[in-house]
$ cat protein-v3.tsv   # TSV, N, CA and C atoms and all ligand atoms
chain	number	residue	atom	x	y	z
V	617	MET	N	48.61	8.80	8.63
V	617	MET	CA	47.57	7.91	8.10
V	617	MET	C	46.63	8.63	7.15
V	618	ILE	N	46.12	9.82	7.58
V	618	ILE	CA	45.23	10.51	6.65
V	618	ILE	C	46.06	11.13	5.53
V	619	GLY	N	45.42	11.21	4.38
V	619	GLY	CA	46.09	11.76	3.21
V	619	GLY	C	45.51	13.12	2.85
V	620	ARG	N	45.17	13.27	1.60
V	620	ARG	CA	44.70	14.57	1.11
V	620	ARG	C	43.34	14.94	1.69
V	621	LEU	N	43.10	16.23	1.74
V	621	LEU	CA	41.75	16.74	2.02
V	621	LEU	C	40.91	16.47	0.78
V	622	ASN	N	39.92	15.59	0.91
V	622	ASN	CA	39.09	15.25	-0.26
V	622	ASN	C	38.05	16.32	-0.52
V	623	HIS	N	37.34	16.74	0.53
V	623	HIS	CA	36.37	17.83	0.36
V	623	HIS	C	36.01	18.45	1.70
V	624	VAL	N	35.46	19.63	1.59
V	624	VAL	CA	34.81	20.31	2.70
V	624	VAL	C	33.34	20.40	2.32
V	625	ALA	N	32.45	19.94	3.21
V	625	ALA	CA	31.02	19.94	2.92
V	625	ALA	C	30.36	21.08	3.68
V	626	ILE	N	29.57	21.87	2.96
V	626	ILE	CA	28.89	23.03	3.54
V	626	ILE	C	27.39	22.83	3.37
V	627	ALA	N	26.68	22.85	4.48
V	627	ALA	CA	25.22	22.80	4.43
V	627	ALA	C	24.70	24.18	4.06
V	628	VAL	N	23.79	24.21	3.10
V	628	VAL	CA	23.30	25.51	2.60
V	628	VAL	C	21.78	25.55	2.68
V	629	PRO	N	21.23	26.71	3.07
V	629	PRO	CA	19.77	26.82	3.18
V	629	PRO	C	19.08	27.07	1.84
V	630	ASP	N	19.84	27.51	0.84
V	630	ASP	CA	19.25	27.82	-0.48
V	630	ASP	C	20.26	27.33	-1.52
V	631	LEU	N	19.97	26.17	-2.09
V	631	LEU	CA	20.95	25.54	-2.98
V	631	LEU	C	21.19	26.36	-4.24
V	632	ALA	N	20.11	26.87	-4.84
V	632	ALA	CA	20.27	27.65	-6.07
V	632	ALA	C	21.11	28.90	-5.81
V	633	ALA	N	20.88	29.53	-4.67
V	633	ALA	CA	21.65	30.74	-4.35
V	633	ALA	C	23.12	30.39	-4.12
V	634	ALA	N	23.37	29.27	-3.45
V	634	ALA	CA	24.75	28.86	-3.19
V	634	ALA	C	25.46	28.51	-4.49
V	635	VAL	N	24.75	27.81	-5.38
V	635	VAL	CA	25.33	27.47	-6.69
V	635	VAL	C	25.70	28.74	-7.45
V	636	ALA	N	24.78	29.68	-7.46
V	636	ALA	CA	25.03	30.93	-8.19
V	636	ALA	C	26.22	31.67	-7.58
V	637	GLN	N	26.31	31.66	-6.26
V	637	GLN	CA	27.40	32.36	-5.60
V	637	GLN	C	28.75	31.74	-5.95
V	638	TYR	N	28.83	30.39	-5.87
V	638	TYR	CA	30.11	29.75	-6.17
V	638	TYR	C	30.47	29.87	-7.65
V	639	ARG	N	29.47	29.74	-8.52
V	639	ARG	CA	29.74	29.79	-9.95
V	639	ARG	C	30.01	31.21	-10.42
V	640	ASP	N	29.13	32.14	-10.03
V	640	ASP	CA	29.18	33.48	-10.63
V	640	ASP	C	30.04	34.44	-9.82
V	641	THR	N	29.90	34.42	-8.50
V	641	THR	CA	30.62	35.38	-7.68
V	641	THR	C	32.04	34.91	-7.42
V	642	LEU	N	32.18	33.62	-7.07
V	642	LEU	CA	33.52	33.10	-6.77
V	642	LEU	C	34.21	32.54	-8.01
V	643	GLY	N	33.46	32.36	-9.09
V	643	GLY	CA	34.06	31.92	-10.35
V	643	GLY	C	34.57	30.50	-10.33
V	644	ALA	N	33.90	29.62	-9.60
V	644	ALA	CA	34.34	28.23	-9.49
V	644	ALA	C	33.63	27.36	-10.52
V	645	SER	N	34.19	26.17	-10.72
V	645	SER	CA	33.59	25.17	-11.59
V	645	SER	C	32.59	24.37	-10.77
V	646	VAL	N	31.31	24.50	-11.09
V	646	VAL	CA	30.23	23.95	-10.28
V	646	VAL	C	29.46	22.92	-11.09
V	647	GLY	N	29.25	21.74	-10.53
V	647	GLY	CA	28.54	20.68	-11.22
V	647	GLY	C	27.03	20.81	-11.06
V	648	ALA	N	26.31	19.82	-11.61
V	648	ALA	CA	24.86	19.79	-11.52
V	648	ALA	C	24.45	19.15	-10.19
V	649	PRO	N	23.29	19.53	-9.64
V	649	PRO	CA	22.82	18.91	-8.40
V	649	PRO	C	22.59	17.41	-8.59
V	650	GLN	N	23.02	16.63	-7.58
V	650	GLN	CA	22.82	15.18	-7.60
V	650	GLN	C	22.06	14.79	-6.34
V	651	ASP	N	20.93	14.10	-6.53
V	651	ASP	CA	20.17	13.60	-5.38
V	651	ASP	C	20.82	12.32	-4.87
V	652	GLU	N	21.03	12.27	-3.56
V	652	GLU	CA	21.60	11.08	-2.90
V	652	GLU	C	20.59	10.62	-1.86
V	653	PRO	N	19.54	9.89	-2.29
V	653	PRO	CA	18.47	9.54	-1.34
V	653	PRO	C	18.97	8.72	-0.15
V	654	ALA	N	19.99	7.88	-0.36
V	654	ALA	CA	20.49	7.05	0.74
V	654	ALA	C	21.11	7.90	1.84
V	655	HIS	N	21.53	9.11	1.49
V	655	HIS	CA	22.18	9.98	2.47
V	655	HIS	C	21.30	11.16	2.85
V	656	GLY	N	20.11	11.26	2.23
V	656	GLY	CA	19.20	12.34	2.60
V	656	GLY	C	19.69	13.72	2.18
V	657	VAL	N	20.44	13.77	1.08
V	657	VAL	CA	20.98	15.05	0.65
V	657	VAL	C	20.93	15.20	-0.87
V	658	THR	N	20.84	16.44	-1.29
V	658	THR	CA	21.17	16.80	-2.66
V	658	THR	C	22.53	17.47	-2.59
V	659	VAL	N	23.44	17.03	-3.46
V	659	VAL	CA	24.83	17.49	-3.42
V	659	VAL	C	25.18	18.21	-4.71
V	660	VAL	N	25.90	19.30	-4.57
V	660	VAL	CA	26.52	19.97	-5.72
V	660	VAL	C	28.02	19.99	-5.45
V	661	PHE	N	28.79	19.48	-6.39
V	661	PHE	CA	30.23	19.45	-6.25
V	661	PHE	C	30.83	20.70	-6.89
V	662	VAL	N	31.68	21.36	-6.13
V	662	VAL	CA	32.43	22.50	-6.63
V	662	VAL	C	33.88	22.04	-6.75
V	663	GLU	N	34.41	22.07	-7.95
V	663	GLU	CA	35.78	21.59	-8.19
V	663	GLU	C	36.76	22.74	-8.05
V	664	LEU	N	37.69	22.58	-7.14
V	664	LEU	CA	38.77	23.56	-6.99
V	664	LEU	C	40.06	22.90	-7.43
V	665	PRO	N	41.11	23.67	-7.70
V	665	PRO	CA	42.35	23.06	-8.18
V	665	PRO	C	42.93	22.03	-7.21
V	666	ASN	N	42.74	22.23	-5.90
V	666	ASN	CA	43.39	21.33	-4.94
V	666	ASN	C	42.43	20.49	-4.12
V	667	THR	N	41.13	20.74	-4.21
V	667	THR	CA	40.17	19.93	-3.44
V	667	THR	C	38.78	20.21	-3.99
V	668	LYS	N	37.77	19.75	-3.27
V	668	LYS	CA	36.39	19.98	-3.69
V	668	LYS	C	35.63	20.60	-2.52
V	669	ILE	N	34.61	21.34	-2.86
V	669	ILE	CA	33.60	21.77	-1.90
V	669	ILE	C	32.32	21.03	-2.26
V	670	GLU	N	31.62	20.54	-1.25
V	670	GLU	CA	30.31	19.93	-1.49
V	670	GLU	C	29.26	20.81	-0.85
V	671	LEU	N	28.34	21.28	-1.65
V	671	LEU	CA	27.20	22.02	-1.12
V	671	LEU	C	26.10	21.00	-0.83
V	672	LEU	N	25.65	20.94	0.42
V	672	LEU	CA	24.67	19.94	0.85
V	672	LEU	C	23.35	20.62	1.14
V	673	TYR	N	22.29	20.00	0.64
V	673	TYR	CA	20.94	20.51	0.87
V	673	TYR	C	20.06	19.33	1.24
V	674	PRO	N	19.12	19.52	2.20
V	674	PRO	CA	18.31	18.38	2.65
V	674	PRO	C	17.49	17.76	1.52
V	675	LEU	N	17.37	16.43	1.57
V	675	LEU	CA	16.52	15.70	0.62
V	675	LEU	C	15.68	14.71	1.42
V	676	GLY	N	14.38	14.82	1.30
V	676	GLY	CA	13.48	13.84	1.92
V	676	GLY	C	13.31	14.05	3.42
V	677	GLU	N	12.55	13.13	4.01
V	677	GLU	CA	12.27	13.20	5.44
V	677	GLU	C	13.47	12.73	6.24
V	678	GLY	N	13.68	13.36	7.38
V	678	GLY	CA	14.73	12.90	8.28
V	678	GLY	C	16.14	13.12	7.76
V	679	SER	N	16.31	14.08	6.86
V	679	SER	CA	17.66	14.36	6.37
V	679	SER	C	18.56	14.84	7.50
V	680	PRO	N	19.78	14.32	7.57
V	680	PRO	CA	20.70	14.80	8.60
V	680	PRO	C	21.03	16.29	8.44
V	681	ILE	N	20.85	16.79	7.24
V	681	ILE	CA	21.16	18.21	7.00
V	681	ILE	C	20.05	19.13	7.53
V	682	ALA	N	18.83	18.62	7.60
V	682	ALA	CA	17.71	19.45	8.06
V	682	ALA	C	17.95	19.91	9.50
V	683	GLY	N	18.34	18.99	10.37
V	683	GLY	CA	18.60	19.35	11.76
V	683	GLY	C	19.75	20.32	11.88
V	684	PHE	N	20.77	20.10	11.07
V	684	PHE	CA	21.93	21.00	11.09
V	684	PHE	C	21.52	22.42	10.71
V	685	LEU	N	20.66	22.52	9.68
V	685	LEU	CA	20.24	23.86	9.24
V	685	LEU	C	19.29	24.52	10.24
V	686	GLN	N	18.56	23.69	11.01
V	686	GLN	CA	17.73	24.28	12.06
V	686	GLN	C	18.61	24.97	13.10
V	687	LYS	N	19.73	24.32	13.41
V	687	LYS	CA	20.64	24.91	14.41
V	687	LYS	C	21.49	26.01	13.80
V	688	ASN	N	21.71	25.94	12.50
V	688	ASN	CA	22.57	26.90	11.79
V	688	ASN	C	21.81	27.43	10.57
V	689	PRO	N	20.86	28.33	10.79
V	689	PRO	CA	19.96	28.72	9.69
V	689	PRO	C	20.67	29.37	8.50
V	690	ALA	N	21.82	29.96	8.74
V	690	ALA	CA	22.55	30.59	7.64
V	690	ALA	C	23.42	29.57	6.88
V	691	GLY	N	23.41	28.30	7.34
V	691	GLY	CA	24.30	27.30	6.77
V	691	GLY	C	25.59	27.24	7.56
V	692	GLY	N	26.49	26.36	7.15
V	692	GLY	CA	27.76	26.26	7.85
V	692	GLY	C	28.53	25.04	7.39
V	693	ILE	N	29.78	24.96	7.81
V	693	ILE	CA	30.60	23.79	7.48
V	693	ILE	C	30.03	22.59	8.22
V	694	HIS	N	29.69	21.56	7.47
V	694	HIS	CA	29.06	20.37	8.04
V	694	HIS	C	30.08	19.30	8.37
V	695	HIS	N	31.02	19.04	7.47
V	695	HIS	CA	32.09	18.08	7.76
V	695	HIS	C	33.25	18.32	6.81
V	696	ILE	N	34.38	17.72	7.20
V	696	ILE	CA	35.53	17.70	6.31
V	696	ILE	C	35.89	16.24	6.05
V	697	CYS	N	36.42	15.98	4.87
V	697	CYS	CA	36.69	14.59	4.47
V	697	CYS	C	38.15	14.42	4.12
V	698	TYR	N	38.78	13.48	4.84
V	698	TYR	CA	40.17	13.12	4.57
V	698	TYR	C	40.24	11.79	3.85
V	699	GLU	N	41.20	11.68	2.98
V	699	GLU	CA	41.39	10.42	2.26
V	699	GLU	C	42.26	9.47	3.08
V	700	VAL	N	41.91	8.18	3.00
V	700	VAL	CA	42.74	7.14	3.60
V	700	VAL	C	42.91	6.02	2.56
V	701	ASP	N	44.00	5.27	2.72
V	701	ASP	CA	44.27	4.17	1.79
V	701	ASP	C	43.44	2.93	2.14
V	702	ASP	N	43.24	2.71	3.44
V	702	ASP	CA	42.58	1.47	3.90
V	702	ASP	C	41.61	1.86	5.01
V	703	ILE	N	40.33	1.86	4.69
V	703	ILE	CA	39.36	2.39	5.64
V	703	ILE	C	39.19	1.48	6.85
V	704	PHE	N	39.37	0.19	6.67
V	704	PHE	CA	39.25	-0.73	7.80
V	704	PHE	C	40.43	-0.56	8.76
V	705	ALA	N	41.61	-0.42	8.20
V	705	ALA	CA	42.79	-0.18	9.05
V	705	ALA	C	42.65	1.14	9.78
V	706	ALA	N	42.13	2.16	9.08
V	706	ALA	CA	41.94	3.47	9.71
V	706	ALA	C	40.93	3.37	10.84
V	707	ARG	N	39.83	2.68	10.59
V	707	ARG	CA	38.80	2.53	11.62
V	707	ARG	C	39.37	1.82	12.85
V	708	ASP	N	40.08	0.75	12.62
V	708	ASP	CA	40.58	-0.03	13.76
V	708	ASP	C	41.59	0.78	14.57
V	709	ARG	N	42.43	1.52	13.87
V	709	ARG	CA	43.41	2.36	14.58
V	709	ARG	C	42.69	3.41	15.41
V	710	LEU	N	41.66	4.03	14.85
V	710	LEU	CA	40.96	5.11	15.55
V	710	LEU	C	40.13	4.59	16.71
V	711	THR	N	39.44	3.48	16.51
V	711	THR	CA	38.62	2.97	17.61
V	711	THR	C	39.52	2.46	18.74
V	712	THR	N	40.67	1.90	18.40
V	712	THR	CA	41.62	1.49	19.44
V	712	THR	C	42.08	2.70	20.24
V	713	ALA	N	42.18	3.85	19.56
V	713	ALA	CA	42.60	5.09	20.23
V	713	ALA	C	41.45	5.76	20.98
V	714	GLY	N	40.25	5.16	20.90
V	714	GLY	CA	39.12	5.69	21.67
V	714	GLY	C	38.16	6.56	20.89
V	715	ALA	N	38.39	6.75	19.61
V	715	ALA	CA	37.48	7.57	18.80
V	715	ALA	C	36.22	6.76	18.48
V	716	ARG	N	35.12	7.47	18.35
V	716	ARG	CA	33.84	6.82	18.05
V	716	ARG	C	33.49	6.98	16.57
V	717	VAL	N	33.12	5.86	15.97
V	717	VAL	CA	32.64	5.87	14.59
V	717	VAL	C	31.13	5.95	14.64
V	718	LEU	N	30.53	6.81	13.84
V	718	LEU	CA	29.07	6.95	13.84
V	718	LEU	C	28.42	5.75	13.15
V	719	GLY	N	27.17	5.50	13.54
V	719	GLY	CA	26.39	4.44	12.90
V	719	GLY	C	26.88	3.07	13.33
V	720	SER	N	26.80	2.12	12.41
V	720	SER	CA	27.11	0.73	12.72
V	720	SER	C	28.60	0.48	12.89
V	721	GLY	N	29.41	1.44	12.45
V	721	GLY	CA	30.86	1.23	12.47
V	721	GLY	C	31.38	0.58	11.21
V	722	GLU	N	30.45	0.19	10.33
V	722	GLU	CA	30.87	-0.40	9.05
V	722	GLU	C	30.87	0.71	7.98
V	723	PRO	N	31.85	0.69	7.09
V	723	PRO	CA	31.87	1.69	6.02
V	723	PRO	C	30.61	1.60	5.15
V	724	ARG	N	30.17	2.76	4.69
V	724	ARG	CA	29.07	2.83	3.73
V	724	ARG	C	29.61	3.41	2.43
V	725	ILE	N	28.82	3.25	1.39
V	725	ILE	CA	29.24	3.85	0.12
V	725	ILE	C	28.78	5.30	0.11
V	726	GLY	N	29.73	6.21	-0.03
V	726	GLY	CA	29.45	7.63	0.06
V	726	GLY	C	29.05	8.24	-1.27
V	727	ALA	N	28.98	9.55	-1.27
V	727	ALA	CA	28.48	10.29	-2.44
V	727	ALA	C	29.38	10.13	-3.66
V	728	HIS	N	30.62	9.69	-3.47
V	728	HIS	CA	31.52	9.50	-4.61
V	728	HIS	C	31.61	8.04	-5.03
V	729	GLY	N	30.76	7.18	-4.42
V	729	GLY	CA	30.80	5.76	-4.77
V	729	GLY	C	31.94	5.02	-4.11
V	730	LYS	N	32.55	5.61	-3.09
V	730	LYS	CA	33.68	4.97	-2.39
V	730	LYS	C	33.30	4.76	-0.93
V	731	PRO	N	33.95	3.81	-0.24
V	731	PRO	CA	33.61	3.55	1.16
V	731	PRO	C	33.98	4.72	2.06
V	732	VAL	N	33.04	5.07	2.94
V	732	VAL	CA	33.26	6.19	3.87
V	732	VAL	C	32.84	5.80	5.28
V	733	LEU	N	33.41	6.51	6.24
V	733	LEU	CA	33.03	6.44	7.65
V	733	LEU	C	32.96	7.86	8.18
V	734	PHE	N	32.12	8.05	9.20
V	734	PHE	CA	32.09	9.35	9.89
V	734	PHE	C	32.53	9.16	11.32
V	735	LEU	N	33.30	10.11	11.83
V	735	LEU	CA	33.85	10.06	13.19
V	735	LEU	C	33.16	11.12	14.03
V	736	HIS	N	32.92	10.77	15.30
V	736	HIS	CA	32.14	11.65	16.17
V	736	HIS	C	32.82	13.01	16.34
V	737	PRO	N	32.07	14.10	16.13
V	737	PRO	CA	32.69	15.43	16.23
V	737	PRO	C	33.28	15.72	17.61
V	738	LYS	N	32.68	15.13	18.65
V	738	LYS	CA	33.20	15.42	19.99
V	738	LYS	C	34.59	14.84	20.19
V	739	ASP	N	34.98	13.89	19.36
V	739	ASP	CA	36.32	13.32	19.46
V	739	ASP	C	37.33	14.06	18.58
V	740	PHE	N	36.84	15.03	17.77
V	740	PHE	CA	37.74	15.71	16.83
V	740	PHE	C	37.50	17.22	16.85
V	741	ASN	N	37.58	17.78	18.06
V	741	ASN	CA	37.55	19.23	18.22
V	741	ASN	C	36.29	19.87	17.65
V	742	GLY	N	35.19	19.14	17.77
V	742	GLY	CA	33.93	19.70	17.33
V	742	GLY	C	33.69	19.62	15.83
V	743	CYS	N	34.54	18.88	15.14
V	743	CYS	CA	34.42	18.81	13.68
V	743	CYS	C	34.02	17.39	13.26
V	744	LEU	N	32.90	17.28	12.57
V	744	LEU	CA	32.52	15.98	12.00
V	744	LEU	C	33.52	15.63	10.91
V	745	VAL	N	34.14	14.47	11.04
V	745	VAL	CA	35.19	14.05	10.10
V	745	VAL	C	34.71	12.84	9.32
V	746	GLU	N	34.82	12.92	8.01
V	746	GLU	CA	34.53	11.81	7.12
V	746	GLU	C	35.86	11.26	6.63
V	747	LEU	N	35.97	9.94	6.62
V	747	LEU	CA	37.13	9.29	6.00
V	747	LEU	C	36.66	8.60	4.74
V	748	GLU	N	37.38	8.79	3.67
V	748	GLU	CA	37.01	8.14	2.41
V	748	GLU	C	38.21	7.33	1.90
V	749	GLN	N	37.94	6.08	1.58
V	749	GLN	CA	39.00	5.25	1.02
V	749	GLN	C	39.12	5.56	-0.47
V	750	VAL	N	40.32	5.89	-0.89
V	750	VAL	CA	40.50	6.27	-2.30
V	750	VAL	C	41.38	5.27	-3.03
V	801	CO	CO	31.35	14.23	2.50
$ encode --input "protein-v3.tsv" --output "structure tokens" --more "lines below"
Ligand code: CO
Amino acid sequence: MIGRLNHVAIAVPDLAAAVAQYRDTLGASVGAPQDEPAHGVTVVFVELPNTKIELLYPLGEGSPIAGFLQKNPAGGIHHICYEVDDIFAARDRLTTAGARVLGSGEPRIGAHGKPVLFLHPKDFNGCLVELEQV
């Protein structure tokens, strides 16, 4: 059911330093920071030949990334995102199998302008999983 790895999202405590590291030290193609107020994050997309890395930094009050960085002050992998063809079919299959969808259970429009869902990390080996319909 799941398709390609769309991205790996990394929460970072210092966005400028992370951008410089990916661009200058790792030699990656790094985009400009984009504020996503609906998601409480500023995102920088790093384009790799086979997938993307998203550098996430807290934006505004109550950002989900702020709590993560409190627990992981050096930063860390926040979630991984798999592509699916039909997000409603994917959701129904997963909830039937007992997996928990975060929030209302309805897809939201994610940072790429496509419908996304998040699955509870406790149901996926401690990894927060995002599904994106492509
Ligand atoms: Co994501």
$ select_by_dssp --input "protein-v3.tsv" --residues "segment 630-722 of chain V" --states "alpha helix (DSSP H)" --output "count of residues only"
24
$ select_by_dssp --input "protein-v3.tsv" --residues "chain V" --states "strand (DSSP E)" --output "PyMOL selection string"
chain V and resi 621-627+645-646+650-652+657-663+668-674+692-700+724-725+731-735+745-749
$ closest_residue --input "protein-v3.tsv" --among "V:Gly656, V:Ile626, V:Gly692, V:His736" --to "ligand CO 801 (chain V)" --atoms "all atoms listed in the file"
V:Ile626
$ closest_atom_pairs --input "protein-v3.tsv" --of "chain V" --to "ligand CO 801 (chain V)" --cutoff "7 Å" --atoms "all atoms listed in the file" --output "CSV"
residue,atom,partner,partner_atom,distance
V:His623,C,V:CO801,CO,6.3
V:Val624,C,V:CO801,CO,6.5
V:Ala625,CA,V:CO801,CO,5.7
V:His695,C,V:CO801,CO,6.2
V:Ile696,C,V:CO801,CO,6.1
V:Cys697,CA,V:CO801,CO,5.7
V:Ala727,N,V:CO801,CO,6.5
V:Glu746,CA,V:CO801,CO,6.1
$ write_last_selection --input "protein-v3.tsv" --atoms "N, CA and C atoms" --output "PDB file, in the frame of the given file"
ATOM      1  N   HIS V 623      37.340  16.740   0.530  1.00  0.00           N
ATOM      2  CA  HIS V 623      36.370  17.830   0.360  1.00  0.00           C
ATOM      3  C   HIS V 623      36.010  18.450   1.700  1.00  0.00           C
ATOM      4  N   VAL V 624      35.460  19.630   1.590  1.00  0.00           N
ATOM      5  CA  VAL V 624      34.810  20.310   2.700  1.00  0.00           C
ATOM      6  C   VAL V 624      33.340  20.400   2.320  1.00  0.00           C
ATOM      7  N   ALA V 625      32.450  19.940   3.210  1.00  0.00           N
ATOM      8  CA  ALA V 625      31.020  19.940   2.920  1.00  0.00           C
ATOM      9  C   ALA V 625      30.360  21.080   3.680  1.00  0.00           C
ATOM     10  N   HIS V 695      31.020  19.040   7.470  1.00  0.00           N
ATOM     11  CA  HIS V 695      32.090  18.080   7.760  1.00  0.00           C
ATOM     12  C   HIS V 695      33.250  18.320   6.810  1.00  0.00           C
ATOM     13  N   ILE V 696      34.380  17.720   7.200  1.00  0.00           N
ATOM     14  CA  ILE V 696      35.530  17.700   6.310  1.00  0.00           C
ATOM     15  C   ILE V 696      35.890  16.240   6.050  1.00  0.00           C
ATOM     16  N   CYS V 697      36.420  15.980   4.870  1.00  0.00           N
ATOM     17  CA  CYS V 697      36.690  14.590   4.470  1.00  0.00           C
ATOM     18  C   CYS V 697      38.150  14.420   4.120  1.00  0.00           C
ATOM     19  N   ALA V 727      28.980   9.550  -1.270  1.00  0.00           N
ATOM     20  CA  ALA V 727      28.480  10.290  -2.440  1.00  0.00           C
ATOM     21  C   ALA V 727      29.380  10.130  -3.660  1.00  0.00           C
ATOM     22  N   GLU V 746      34.820  12.920   8.010  1.00  0.00           N
ATOM     23  CA  GLU V 746      34.530  11.810   7.120  1.00  0.00           C
ATOM     24  C   GLU V 746      35.860  11.260   6.630  1.00  0.00           C
TER      25      GLU V 746
END
$ atom_distance --input "protein-v3.tsv" --atom1 "atom C of Gly691 of chain V" --atom2 "atom CA of Pro629 of chain V"
7.3 Å
$ closest_residue --input "protein-v3.tsv" --among "V:Gln686, V:Ala713, V:Gly721, V:Glu699" --to "Arg620 of chain V" --atoms "all atoms listed in the file"
V:Glu699
$ atom_distance --input "protein-v3.tsv" --atom1 "atom N of Pro649 of chain V" --atom2 "atom CA of Leu747 of chain V"
23.3 Å
$ atom_distance --input "protein-v3.tsv" --atom1 "atom CA of Ser645 of chain V" --atom2 "atom CA of Leu664 of chain V"
7.1 Å
$ residues_around --input "protein-v3.tsv" --residues "segment 722-724 of chain V" --least-positions-apart "6" --cutoff "7 Å" --atoms "only C-alpha atoms" --output "list of chain:residue names"
V:Pro731, V:Val732, V:Leu733
$ residues_near_point --input "protein-v3.tsv" --point "(35.6, 8.4, 13.3)" --cutoff "6.5 Å" --atoms "all atoms listed in the file" --output "list of chain:residue names"
V:Ala715, V:Arg716, V:Val717, V:Leu718, V:Leu733, V:Phe734, V:Leu735, V:His736, V:Val745
$ closest_atom_pairs --input "protein-v3.tsv" --of "segment 624-677 of chain V" --to "segment 687-690 of chain V" --cutoff "8 Å" --atoms "all atoms listed in the file" --output "tab-separated table"
residue	atom	partner	partner_atom	distance
V:Ala627	C	V:Ala690	C	6.2
V:Val628	CA	V:Ala690	C	5.9
V:Pro629	N	V:Ala690	C	5.2
V:Asp630	N	V:Ala690	C	7.3
$ residues_near_point --input "protein-v3.tsv" --point "(42.0, 28.0, -6.3)" --cutoff "10 Å" --atoms "only C-alpha atoms" --output "number ranges by chain"
V: 642-644, 663-667
$ write_last_selection --input "protein-v3.tsv" --atoms "N, CA and C atoms" --output "PDB file, in the frame of the given file"
ATOM      1  N   LEU V 642      32.180  33.620  -7.070  1.00  0.00           N
ATOM      2  CA  LEU V 642      33.520  33.100  -6.770  1.00  0.00           C
ATOM      3  C   LEU V 642      34.210  32.540  -8.010  1.00  0.00           C
ATOM      4  N   GLY V 643      33.460  32.360  -9.090  1.00  0.00           N
ATOM      5  CA  GLY V 643      34.060  31.920 -10.350  1.00  0.00           C
ATOM      6  C   GLY V 643      34.570  30.500 -10.330  1.00  0.00           C
ATOM      7  N   ALA V 644      33.900  29.620  -9.600  1.00  0.00           N
ATOM      8  CA  ALA V 644      34.340  28.230  -9.490  1.00  0.00           C
ATOM      9  C   ALA V 644      33.630  27.360 -10.520  1.00  0.00           C
ATOM     10  N   GLU V 663      34.410  22.070  -7.950  1.00  0.00           N
ATOM     11  CA  GLU V 663      35.780  21.590  -8.190  1.00  0.00           C
ATOM     12  C   GLU V 663      36.760  22.740  -8.050  1.00  0.00           C
ATOM     13  N   LEU V 664      37.690  22.580  -7.140  1.00  0.00           N
ATOM     14  CA  LEU V 664      38.770  23.560  -6.990  1.00  0.00           C
ATOM     15  C   LEU V 664      40.060  22.900  -7.430  1.00  0.00           C
ATOM     16  N   PRO V 665      41.110  23.670  -7.700  1.00  0.00           N
ATOM     17  CA  PRO V 665      42.350  23.060  -8.180  1.00  0.00           C
ATOM     18  C   PRO V 665      42.930  22.030  -7.210  1.00  0.00           C
ATOM     19  N   ASN V 666      42.740  22.230  -5.900  1.00  0.00           N
ATOM     20  CA  ASN V 666      43.390  21.330  -4.940  1.00  0.00           C
ATOM     21  C   ASN V 666      42.430  20.490  -4.120  1.00  0.00           C
ATOM     22  N   THR V 667      41.130  20.740  -4.210  1.00  0.00           N
ATOM     23  CA  THR V 667      40.170  19.930  -3.440  1.00  0.00           C
ATOM     24  C   THR V 667      38.780  20.210  -3.990  1.00  0.00           C
TER      25      THR V 667
END
$ closest_residue --input "protein-v3.tsv" --among "V:Ala682, V:Leu744, V:His655, V:Val750" --to "His694 of chain V" --atoms "all atoms listed in the file"
V:Leu744
